[in-house]
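query09.cif follows (mmCIF, C-alpha atoms, pLDDT in the B column; chains and numbers go by the auth columns):
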data_final
#
loop_
_atom_site.group_PDB
_atom_site.id
_atom_site.type_symbol
_atom_site.label_atom_id
_atom_site.label_comp_id
_atom_site.label_asym_id
_atom_site.label_seq_id
_atom_site.Cartn_x
_atom_site.Cartn_y
_atom_site.Cartn_z
_atom_site.B_iso_or_equiv
_atom_site.auth_seq_id
_atom_site.auth_asym_id
ATOM 1 C CA ALA A 1 -222.476 31.257 -134.614 78.00 1 B
ATOM 2 C CA LEU A 2 -224.747 28.467 -133.324 87.00 2 B
ATOM 3 C CA MET A 3 -221.690 26.153 -132.938 89.00 3 B
ATOM 4 C CA GLN A 4 -219.779 28.938 -131.136 89.00 4 B
ATOM 5 C CA VAL A 5 -216.735 28.628 -133.405 92.00 5 B
ATOM 6 C CA GLN A 6 -214.173 31.402 -133.107 90.00 6 B
ATOM 7 C CA VAL A 7 -211.550 32.183 -135.725 90.00 7 B
ATOM 8 C CA HIS A 8 -208.168 33.754 -134.955 88.00 8 B
ATOM 9 C CA PRO A 9 -205.199 34.401 -137.201 91.00 9 B
ATOM 10 C CA VAL A 10 -202.280 32.010 -136.662 91.00 10 B
ATOM 11 C CA GLU A 11 -199.503 33.404 -134.494 91.00 11 B
ATOM 12 C CA ARG A 12 -196.395 32.074 -132.769 90.00 12 B
ATOM 13 C CA ARG A 13 -196.316 32.416 -128.964 84.00 13 B
ATOM 14 C CA ALA A 14 -195.171 30.514 -125.894 73.00 14 B
ATOM 15 C CA ILE A 15 -197.561 28.134 -124.232 76.00 15 B
ATOM 16 C CA PRO A 16 -197.174 28.162 -120.470 78.00 16 B
ATOM 17 C CA VAL A 17 -196.143 24.716 -119.270 82.00 17 B
ATOM 18 C CA ALA A 18 -195.187 23.974 -115.685 86.00 18 B
ATOM 19 C CA VAL A 19 -191.866 22.160 -115.466 88.00 19 B
ATOM 20 C CA ARG A 20 -191.428 20.304 -112.185 90.00 20 B
ATOM 21 C CA VAL A 21 -187.817 19.726 -111.157 92.00 21 B
ATOM 22 C CA PHE A 22 -185.949 18.746 -108.030 93.00 22 B
ATOM 23 C CA GLY A 23 -183.058 20.598 -106.484 93.00 23 B
ATOM 24 C CA ARG A 24 -181.487 21.866 -103.315 94.00 24 B
ATOM 25 C CA LEU A 25 -180.700 25.065 -101.457 92.00 25 B
ATOM 26 C CA SER A 26 -177.019 25.859 -101.239 92.00 26 B
ATOM 27 C CA TYR A 27 -174.947 28.713 -99.843 89.00 27 B
ATOM 28 C CA ASP A 28 -173.940 31.515 -102.155 90.00 28 B
ATOM 29 C CA GLU A 29 -170.307 30.799 -103.058 89.00 29 B
ATOM 30 C CA THR A 30 -169.580 34.520 -103.354 91.00 30 B
ATOM 31 C CA ARG A 31 -170.460 34.898 -99.645 90.00 31 B
ATOM 32 C CA LEU A 32 -168.102 32.230 -98.290 91.00 32 B
ATOM 33 C CA ARG A 33 -165.250 33.415 -96.064 91.00 33 B
ATOM 34 C CA THR A 34 -162.252 31.540 -94.764 91.00 34 B
ATOM 35 C CA ILE A 35 -160.834 32.952 -91.548 90.00 35 B
ATOM 36 C CA ALA A 36 -157.109 32.386 -91.339 89.00 36 B
ATOM 37 C CA ALA A 37 -154.384 33.071 -88.797 86.00 37 B
ATOM 38 C CA TRP A 38 -152.609 36.414 -89.289 82.00 38 B
ATOM 39 C CA SER A 39 -149.647 35.350 -87.193 82.00 39 B
ATOM 40 C CA ALA A 40 -148.080 32.003 -86.386 87.00 40 B
ATOM 41 C CA GLY A 41 -148.688 30.571 -82.944 89.00 41 B
ATOM 42 C CA ARG A 42 -150.751 28.278 -80.753 92.00 42 B
ATOM 43 C CA LEU A 43 -154.546 28.381 -80.613 91.00 43 B
ATOM 44 C CA ASP A 44 -155.143 28.916 -76.907 90.00 44 B
ATOM 45 C CA LYS A 45 -158.859 29.640 -77.029 91.00 45 B
ATOM 46 C CA LEU A 46 -161.666 29.002 -79.495 91.00 46 B
ATOM 47 C CA HIS A 47 -164.711 31.125 -78.712 91.00 47 B
ATOM 48 C CA VAL A 48 -166.621 29.360 -81.490 89.00 48 B
ATOM 49 C CA ASP A 49 -166.154 25.653 -81.008 85.00 49 B
ATOM 50 C CA TYR A 50 -168.745 23.837 -83.110 87.00 50 B
ATOM 51 C CA THR A 51 -170.036 23.736 -86.654 90.00 51 B
ATOM 52 C CA GLY A 52 -173.352 25.478 -87.246 90.00 52 B
ATOM 53 C CA GLU A 53 -172.770 28.215 -84.662 93.00 53 B
ATOM 54 C CA SER A 54 -173.860 31.706 -85.653 93.00 54 B
ATOM 55 C CA VAL A 55 -171.288 34.528 -85.473 93.00 55 B
ATOM 56 C CA GLU A 56 -171.613 38.287 -85.877 92.00 56 B
ATOM 57 C CA ALA A 57 -169.172 40.516 -87.746 89.00 57 B
ATOM 58 C CA GLY A 58 -166.466 41.767 -85.389 87.00 58 B
ATOM 59 C CA GLN A 59 -167.080 39.027 -82.829 90.00 59 B
ATOM 60 C CA PRO A 60 -163.871 37.501 -81.359 90.00 60 B
ATOM 61 C CA ILE A 61 -163.736 33.859 -82.384 91.00 61 B
ATOM 62 C CA ALA A 62 -160.246 32.692 -81.378 91.00 62 B
ATOM 63 C CA GLU A 63 -157.103 33.692 -79.471 90.00 63 B
ATOM 64 C CA ILE A 64 -153.603 32.859 -80.683 88.00 64 B
ATOM 65 C CA TYR A 65 -150.489 32.904 -78.494 90.00 65 B
ATOM 66 C CA SER A 66 -147.770 34.248 -80.775 87.00 66 B
ATOM 67 C CA PRO A 67 -144.088 34.656 -79.820 88.00 67 B
ATOM 68 C CA GLN A 68 -143.653 36.498 -83.126 86.00 68 B
ATOM 69 C CA LEU A 69 -146.271 39.026 -82.031 86.00 69 B
ATOM 70 C CA ILE A 70 -144.577 39.528 -78.665 87.00 70 B
ATOM 71 C CA ALA A 71 -141.257 40.201 -80.409 89.00 71 B
ATOM 72 C CA ALA A 72 -142.897 42.692 -82.786 88.00 72 B
ATOM 73 C CA GLN A 73 -144.505 44.567 -79.879 88.00 73 B
ATOM 74 C CA GLU A 74 -141.176 44.705 -78.024 90.00 74 B
ATOM 75 C CA GLU A 75 -139.596 46.025 -81.196 90.00 75 B
ATOM 76 C CA LEU A 76 -142.144 48.863 -81.315 88.00 76 B
ATOM 77 C CA LEU A 77 -141.584 49.751 -77.663 89.00 77 B
ATOM 78 C CA GLN A 78 -137.795 49.784 -78.127 89.00 78 B
ATOM 79 C CA ALA A 79 -138.100 51.937 -81.260 87.00 79 B
ATOM 80 C CA MET A 80 -140.316 54.395 -79.350 88.00 80 B
ATOM 81 C CA ALA A 81 -137.791 54.486 -76.481 87.00 81 B
ATOM 82 C CA SER A 82 -134.975 55.258 -78.917 86.00 82 B
ATOM 83 C CA VAL A 83 -137.022 58.098 -80.455 83.00 83 B
ATOM 84 C CA ARG A 84 -137.556 59.593 -76.987 84.00 84 B
ATOM 85 C CA GLU A 85 -133.845 59.249 -76.246 83.00 85 B
ATOM 86 C CA MET A 86 -132.880 60.924 -79.537 80.00 86 B
ATOM 87 C CA GLU A 87 -135.296 63.770 -78.823 79.00 87 B
ATOM 88 C CA GLN A 88 -133.791 64.320 -75.364 81.00 88 B
ATOM 89 C CA GLN A 89 -130.247 64.259 -76.722 77.00 89 B
ATOM 90 C CA ARG A 90 -131.307 66.513 -79.595 72.00 90 B
ATOM 91 C CA ARG A 91 -129.849 64.256 -82.247 68.00 91 B
ATOM 92 C CA SER A 92 -131.888 65.358 -85.219 69.00 92 B
ATOM 93 C CA ASN A 93 -129.713 63.537 -87.756 70.00 93 B
ATOM 94 C CA ILE A 94 -130.662 60.093 -86.347 78.00 94 B
ATOM 95 C CA LEU A 95 -134.179 61.063 -85.223 78.00 95 B
ATOM 96 C CA ASP A 96 -135.756 60.619 -88.691 77.00 96 B
ATOM 97 C CA ALA A 97 -134.356 57.084 -88.974 80.00 97 B
ATOM 98 C CA ALA A 98 -135.671 56.239 -85.492 81.00 98 B
ATOM 99 C CA ARG A 99 -139.146 57.562 -86.370 83.00 99 B
ATOM 100 C CA SER A 100 -139.222 55.504 -89.566 86.00 100 B
ATOM 101 C CA THR A 101 -138.324 52.439 -87.443 87.00 101 B
ATOM 102 C CA VAL A 102 -141.343 53.179 -85.228 87.00 102 B
ATOM 103 C CA ASP A 103 -143.584 53.443 -88.316 89.00 103 B
ATOM 104 C CA ALA A 104 -142.210 50.156 -89.678 90.00 104 B
ATOM 105 C CA ALA A 105 -142.808 48.438 -86.317 89.00 105 B
ATOM 106 C CA ARG A 106 -146.425 49.704 -86.261 90.00 106 B
ATOM 107 C CA GLU A 107 -146.981 48.449 -89.800 90.00 107 B
ATOM 108 C CA ARG A 108 -145.527 45.063 -88.900 88.00 108 B
ATOM 109 C CA LEU A 109 -147.975 44.759 -86.002 86.00 109 B
ATOM 110 C CA GLU A 110 -150.888 45.602 -88.308 85.00 110 B
ATOM 111 C CA LEU A 111 -149.706 42.931 -90.751 82.00 111 B
ATOM 112 C CA LEU A 112 -149.640 40.419 -87.890 79.00 112 B
ATOM 113 C CA GLY A 113 -153.343 41.125 -87.313 76.00 113 B
ATOM 114 C CA LEU A 114 -153.193 43.444 -84.311 78.00 114 B
ATOM 115 C CA PRO A 115 -156.035 46.019 -84.461 79.00 115 B
ATOM 116 C CA GLN A 116 -155.146 49.713 -84.446 84.00 116 B
ATOM 117 C CA SER A 117 -156.859 50.192 -81.080 82.00 117 B
ATOM 118 C CA VAL A 118 -154.573 47.574 -79.489 82.00 118 B
ATOM 119 C CA ILE A 119 -151.482 49.187 -81.046 87.00 119 B
ATOM 120 C CA THR A 120 -152.543 52.572 -79.658 88.00 120 B
ATOM 121 C CA ALA A 121 -153.074 51.022 -76.199 86.00 121 B
ATOM 122 C CA LEU A 122 -149.654 49.380 -76.411 86.00 122 B
ATOM 123 C CA GLU A 123 -148.032 52.721 -77.172 87.00 123 B
ATOM 124 C CA ALA A 124 -149.875 54.393 -74.284 89.00 124 B
ATOM 125 C CA THR A 125 -149.378 51.722 -71.606 88.00 125 B
ATOM 126 C CA GLY A 126 -146.221 49.949 -72.726 85.00 126 B
ATOM 127 C CA LYS A 127 -147.859 46.591 -71.866 86.00 127 B
ATOM 128 C CA VAL A 128 -147.164 43.785 -74.318 86.00 128 B
ATOM 129 C CA GLN A 129 -150.047 41.469 -75.226 82.00 129 B
ATOM 130 C CA ASP A 130 -149.069 37.839 -75.638 81.00 130 B
ATOM 131 C CA HIS A 131 -152.290 36.833 -77.441 82.00 131 B
ATOM 132 C CA VAL A 132 -153.886 38.151 -80.596 80.00 132 B
ATOM 133 C CA GLU A 133 -157.642 37.832 -81.039 83.00 133 B
ATOM 134 C CA VAL A 134 -159.069 36.693 -84.354 84.00 134 B
ATOM 135 C CA PHE A 135 -162.317 38.453 -85.251 84.00 135 B
ATOM 136 C CA ALA A 136 -165.088 37.369 -87.623 87.00 136 B
ATOM 137 C CA PRO A 137 -164.928 39.591 -90.733 84.00 137 B
ATOM 138 C CA VAL A 138 -168.603 38.959 -91.605 86.00 138 B
ATOM 139 C CA SER A 139 -171.721 37.613 -89.969 90.00 139 B
ATOM 140 C CA GLY A 140 -172.616 34.055 -90.815 91.00 140 B
ATOM 141 C CA ILE A 141 -172.742 30.411 -89.848 93.00 141 B
ATOM 142 C CA VAL A 142 -169.667 28.270 -89.200 93.00 142 B
ATOM 143 C CA LEU A 143 -169.518 25.631 -91.927 92.00 143 B
ATOM 144 C CA GLU A 144 -166.225 24.103 -90.828 92.00 144 B
ATOM 145 C CA ARG A 145 -163.888 24.357 -87.886 92.00 145 B
ATOM 146 C CA LEU A 146 -160.492 23.573 -89.382 91.00 146 B
ATOM 147 C CA ALA A 147 -158.391 23.709 -86.208 91.00 147 B
ATOM 148 C CA THR A 148 -158.827 22.743 -82.583 89.00 148 B
ATOM 149 C CA HIS A 149 -157.748 24.100 -79.213 89.00 149 B
ATOM 150 C CA GLY A 150 -153.984 23.727 -78.770 89.00 150 B
ATOM 151 C CA ASP A 151 -153.121 23.407 -82.468 91.00 151 B
ATOM 152 C CA TYR A 152 -150.156 25.323 -83.824 92.00 152 B
ATOM 153 C CA VAL A 153 -151.063 27.435 -86.839 91.00 153 B
ATOM 154 C CA ASP A 154 -148.932 29.149 -89.447 90.00 154 B
ATOM 155 C CA VAL A 155 -149.609 32.487 -91.098 86.00 155 B
ATOM 156 C CA GLY A 156 -152.520 32.076 -93.509 87.00 156 B
ATOM 157 C CA GLN A 157 -153.593 28.693 -92.173 91.00 157 B
ATOM 158 C CA PRO A 158 -157.408 28.427 -92.208 93.00 158 B
ATOM 159 C CA ILE A 159 -159.130 28.201 -88.824 92.00 159 B
ATOM 160 C CA TYR A 160 -162.820 28.534 -89.763 93.00 160 B
ATOM 161 C CA ARG A 161 -164.949 28.590 -92.883 93.00 161 B
ATOM 162 C CA LEU A 162 -168.057 30.829 -92.660 93.00 162 B
ATOM 163 C CA ALA A 163 -171.065 31.254 -94.924 93.00 163 B
ATOM 164 C CA ASP A 164 -173.403 34.238 -94.985 90.00 164 B
ATOM 165 C CA LEU A 165 -176.825 32.609 -95.267 88.00 165 B
ATOM 166 C CA SER A 166 -178.782 35.818 -95.854 88.00 166 B
ATOM 167 C CA HIS A 167 -178.619 34.994 -99.594 89.00 167 B
ATOM 168 C CA LEU A 168 -178.876 31.420 -100.864 91.00 168 B
ATOM 169 C CA TRP A 169 -178.623 29.709 -104.226 92.00 169 B
ATOM 170 C CA VAL A 170 -181.282 27.318 -105.511 92.00 170 B
ATOM 171 C CA GLN A 171 -179.655 24.634 -107.643 92.00 171 B
ATOM 172 C CA LEU A 172 -182.193 22.724 -109.718 91.00 172 B
ATOM 173 C CA ASP A 173 -181.673 19.547 -111.756 93.00 173 B
ATOM 174 C CA VAL A 174 -183.481 19.767 -115.115 92.00 174 B
ATOM 175 C CA TYR A 175 -183.927 16.920 -117.584 92.00 175 B
ATOM 176 C CA GLU A 176 -182.638 17.549 -121.079 93.00 176 B
ATOM 177 C CA VAL A 177 -186.124 17.144 -122.548 92.00 177 B
ATOM 178 C CA ASP A 178 -187.320 20.117 -120.436 90.00 178 B
ATOM 179 C CA LEU A 179 -184.540 22.512 -121.502 89.00 179 B
ATOM 180 C CA PRO A 180 -186.467 24.057 -124.458 87.00 180 B
ATOM 181 C CA ARG A 181 -189.180 25.148 -121.989 86.00 181 B
ATOM 182 C CA LEU A 182 -186.736 27.203 -119.916 87.00 182 B
ATOM 183 C CA ARG A 183 -185.288 30.628 -120.638 86.00 183 B
ATOM 184 C CA LEU A 184 -183.024 33.168 -119.028 89.00 184 B
ATOM 185 C CA ARG A 185 -184.531 35.335 -116.233 90.00 185 B
ATOM 186 C CA GLN A 186 -187.619 33.129 -116.009 87.00 186 B
ATOM 187 C CA THR A 187 -189.656 33.330 -112.795 87.00 187 B
ATOM 188 C CA VAL A 188 -189.298 30.235 -110.636 87.00 188 B
ATOM 189 C CA ARG A 189 -191.407 29.125 -107.662 89.00 189 B
ATOM 190 C CA PHE A 190 -189.938 26.601 -105.287 87.00 190 B
ATOM 191 C CA THR A 191 -191.032 24.817 -102.141 88.00 191 B
#

Could I get this file's structure written as structure tokens?
Amino acid sequence: ALMQVQVHPVERRAIPVAVRVFGRLSYDETRLRTIAAWSAGRLDKLHVDYTGESVEAGQPIAEIYSPQLIAAQEELLQAMASVREMEQQRRSNILDAARSTVDAARERLELLGLPQSVITALEATGKVQDHVEVFAPVSGIVLERLATHGDYVDVGQPIYRLADLSHLWVQLDVYEVDLPRLRLRQTVRFT
């Protein structure tokens, strides 16, 4: 008691040891998005023209002049005109086929990247749009601009690569000697 000696039974437990490592912040690979052209054509306007620019979801980021899109819109207008003509002539046997052609033309326009609101406006006004706008599907930062003003793009060709930086990954480099001191779901502090 005078020496202040304490006795405890032997037990196995972890000793807290700080492991200092170096690493880097990186974007979350599950939050990367590549924005591609929905229809072939010429890039007439890039609203986002440099790397590092911030974009919001739904923001227009490019305009593509597409002869294919013009032809598809004309096809829809002609199919609608034939439906009206069949209705006036009371040709019910051909009317169903004409209506299915209108539906197919609408679907084709959607597949070319034309928003439903633009298709509805086309049907109401009969005015063909010669450009299709490309919108940002998510908010984020432009990591890469893969095309420039005036380039011709094919369907599916990447135009931009975006990263959502609201969630990041911390990638740390650990020496092999320090691996036994680490475990799954361990709390990490980083600066």

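Across B:His47, B:Arg33, B:Arg183, B:Arg12, the tightest approach to Ala163 in chain B is made by B:Arg33 when counting only C-alpha atoms.
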
Nearest to Leu165 in chain B: which of B:Ala79, B:Val142, B:Ala72, B:Leu184 is it, counting all atoms listed in the file?
B:Val142

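Between CA of Gly156 in chain B and CA of Val48 in chain B there is a distance of 18.7 Å.
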
Show me, as a tab-separated table, the residues of range 41-81 of chain B having an atom within 10 Å of range 101-124 of chain B, each with the closest atom pair and its distance in Å, using all atoms listed in the file.
residue	atom	partner	partner_atom	distance
B:Ser66	CA	B:Leu112	CA	9.6
B:Gln68	CA	B:Leu112	CA	8.6
B:Leu69	CA	B:Leu112	CA	6.9
B:Ile70	CA	B:Leu109	CA	9.6
B:Ala71	CA	B:Leu109	CA	9.9
B:Ala72	CA	B:Leu109	CA	6.4
B:Gln73	CA	B:Leu109	CA	7.0
B:Glu74	CA	B:Ala105	CA	9.2
B:Glu75	CA	B:Ala105	CA	6.5
B:Leu76	CA	B:Ala105	CA	5.1
B:Leu77	CA	B:Glu123	CA	7.1
B:Gln78	CA	B:Val102	CA	8.6
B:Ala79	CA	B:Val102	CA	5.3
B:Met80	CA	B:Val102	CA	6.1
B:Ala81	CA	B:Val102	CA	9.5

Nearest to His149 in chain B: which of B:Glu87, B:Asp28, B:Asp49, B:Glu133 is it, counting all atoms listed in the file?
B:Asp49

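Look at Tyr27 in chain B: the protein and nucleic acid residues within 12 Å of it, using all atoms listed in the file and passing over chain neighbours fewer than 5 places away, are Leu32, Arg33, Gly140, Ile141, Val142, Leu143, Leu162, Ala163, Asp164, Leu165, Ser166, His167, Leu168, Trp169, Val170 and Gln171 of chain B.
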
Write out, as a PDB file, in the frame of the given file, the residues just selected, with C-alpha atoms.
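selection-v1.pdb, freshly written:
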ATOM      1  CA  LEU B  32    -168.102  32.230 -98.290  1.00 91.00           C
ATOM      2  CA  ARG B  33    -165.250  33.415 -96.064  1.00 91.00           C
ATOM      3  CA  GLY B 140    -172.616  34.055 -90.815  1.00 91.00           C
ATOM      4  CA  ILE B 141    -172.742  30.411 -89.848  1.00 93.00           C
ATOM      5  CA  VAL B 142    -169.667  28.270 -89.200  1.00 93.00           C
ATOM      6  CA  LEU B 143    -169.518  25.631 -91.927  1.00 92.00           C
ATOM      7  CA  LEU B 162    -168.057  30.829 -92.660  1.00 93.00           C
ATOM      8  CA  ALA B 163    -171.065  31.254 -94.924  1.00 93.00           C
ATOM      9  CA  ASP B 164    -173.403  34.238 -94.985  1.00 90.00           C
ATOM     10  CA  LEU B 165    -176.825  32.609 -95.267  1.00 88.00           C
ATOM     11  CA  SER B 166    -178.782  35.818 -95.854  1.00 88.00           C
ATOM     12  CA  HIS B 167    -178.619  34.994 -99.594  1.00 89.00           C
ATOM     13  CA  LEU B 168    -178.876  31.420-100.864  1.00 91.00           C
ATOM     14  CA  TRP B 169    -178.623  29.709-104.226  1.00 92.00           C
ATOM     15  CA  VAL B 170    -181.282  27.318-105.511  1.00 92.00           C
ATOM     16  CA  GLN B 171    -179.655  24.634-107.643  1.00 92.00           C
TER      17      GLN B 171
END

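Summary of the local environment: counting all atoms listed in the file, residues at most 12 Å from Tyr152 in chain B, other than itself and those fewer than 3 positions away along its chain, are Ala37, Ser39, Ala40, Gly41, Arg42, Leu43, Asp44, Lys45, Glu63, Ile64, Tyr65, Ser66, Pro67, Leu146, Ala147, Thr148, His149, Val155, Gln157, Pro158 and Ile159 of chain B.
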
Emit the selected residues as an mmCIF file, in the frame of the given file, including C-alpha atoms.
data_model
loop_
_atom_site.group_PDB
_atom_site.id
_atom_site.type_symbol
_atom_site.label_atom_id
_atom_site.label_comp_id
_atom_site.auth_asym_id
_atom_site.auth_seq_id
_atom_site.Cartn_x
_atom_site.Cartn_y
_atom_site.Cartn_z
ATOM 1 C CA ALA B 37 -154.384 33.071 -88.797
ATOM 2 C CA SER B 39 -149.647 35.350 -87.193
ATOM 3 C CA ALA B 40 -148.080 32.003 -86.386
ATOM 4 C CA GLY B 41 -148.688 30.571 -82.944
ATOM 5 C CA ARG B 42 -150.751 28.278 -80.753
ATOM 6 C CA LEU B 43 -154.546 28.381 -80.613
ATOM 7 C CA ASP B 44 -155.143 28.916 -76.907
ATOM 8 C CA LYS B 45 -158.859 29.640 -77.029
ATOM 9 C CA GLU B 63 -157.103 33.692 -79.471
ATOM 10 C CA ILE B 64 -153.603 32.859 -80.683
ATOM 11 C CA TYR B 65 -150.489 32.904 -78.494
ATOM 12 C CA SER B 66 -147.770 34.248 -80.775
ATOM 13 C CA PRO B 67 -144.088 34.656 -79.820
ATOM 14 C CA LEU B 146 -160.492 23.573 -89.382
ATOM 15 C CA ALA B 147 -158.391 23.709 -86.208
ATOM 16 C CA THR B 148 -158.827 22.743 -82.583
ATOM 17 C CA HIS B 149 -157.748 24.100 -79.213
ATOM 18 C CA VAL B 155 -149.609 32.487 -91.098
ATOM 19 C CA GLN B 157 -153.593 28.693 -92.173
ATOM 20 C CA PRO B 158 -157.408 28.427 -92.208
ATOM 21 C CA ILE B 159 -159.130 28.201 -88.824
#

When you get a chance, write out N, CA, C and O atoms for range 12-27 of chain B, as a tab-separated table (two decimals), in the coordinates of the input.
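Result file part.tsv:
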chain	number	residue	atom	x	y	z
B	12	ARG	N	-197.34	32.86	-133.54
B	12	ARG	CA	-196.40	32.07	-132.77
B	12	ARG	C	-196.24	32.70	-131.38
B	12	ARG	O	-195.92	33.88	-131.27
B	13	ARG	N	-196.49	31.92	-130.33
B	13	ARG	CA	-196.32	32.42	-128.96
B	13	ARG	C	-196.06	31.23	-128.03
B	13	ARG	O	-196.34	30.09	-128.37
B	14	ALA	N	-195.53	31.55	-126.86
B	14	ALA	CA	-195.17	30.51	-125.89
B	14	ALA	C	-196.41	30.02	-125.18
B	14	ALA	O	-197.28	30.81	-124.81
B	15	ILE	N	-196.46	28.73	-124.99
B	15	ILE	CA	-197.56	28.13	-124.23
B	15	ILE	C	-197.03	27.86	-122.84
B	15	ILE	O	-196.00	27.20	-122.68
B	16	PRO	N	-197.70	28.38	-121.83
B	16	PRO	CA	-197.17	28.16	-120.47
B	16	PRO	C	-197.32	26.70	-120.06
B	16	PRO	O	-198.42	26.14	-120.09
B	17	VAL	N	-196.17	26.10	-119.72
B	17	VAL	CA	-196.14	24.72	-119.27
B	17	VAL	C	-195.34	24.67	-117.97
B	17	VAL	O	-194.22	25.19	-117.91
B	18	ALA	N	-195.90	24.10	-116.96
B	18	ALA	CA	-195.19	23.97	-115.68
B	18	ALA	C	-194.17	22.85	-115.80
B	18	ALA	O	-194.49	21.74	-116.22
B	19	VAL	N	-192.93	23.16	-115.46
B	19	VAL	CA	-191.87	22.16	-115.47
B	19	VAL	C	-191.50	21.89	-114.01
B	19	VAL	O	-191.04	22.77	-113.30
B	20	ARG	N	-191.74	20.67	-113.57
B	20	ARG	CA	-191.43	20.30	-112.18
B	20	ARG	C	-190.04	19.67	-112.15
B	20	ARG	O	-189.77	18.72	-112.88
B	21	VAL	N	-189.18	20.24	-111.30
B	21	VAL	CA	-187.82	19.73	-111.16
B	21	VAL	C	-187.48	19.61	-109.67
B	21	VAL	O	-188.14	20.19	-108.83
B	22	PHE	N	-186.43	18.89	-109.39
B	22	PHE	CA	-185.95	18.75	-108.03
B	22	PHE	C	-184.62	19.47	-107.90
B	22	PHE	O	-183.89	19.63	-108.87
B	23	GLY	N	-184.31	19.90	-106.70
B	23	GLY	CA	-183.06	20.60	-106.48
B	23	GLY	C	-182.77	20.73	-105.01
B	23	GLY	O	-183.34	20.03	-104.17
B	24	ARG	N	-181.89	21.67	-104.70
B	24	ARG	CA	-181.49	21.87	-103.32
B	24	ARG	C	-181.08	23.32	-103.10
B	24	ARG	O	-180.66	24.00	-104.03
B	25	LEU	N	-181.21	23.75	-101.85
B	25	LEU	CA	-180.70	25.06	-101.46
B	25	LEU	C	-179.23	24.92	-101.12
B	25	LEU	O	-178.82	23.94	-100.49
B	26	SER	N	-178.45	25.88	-101.51
B	26	SER	CA	-177.02	25.86	-101.24
B	26	SER	C	-176.58	27.26	-100.86
B	26	SER	O	-177.24	28.24	-101.19
B	27	TYR	N	-175.44	27.39	-100.19
B	27	TYR	CA	-174.95	28.71	-99.84
B	27	TYR	C	-174.37	29.39	-101.08
B	27	TYR	O	-173.90	28.75	-102.01
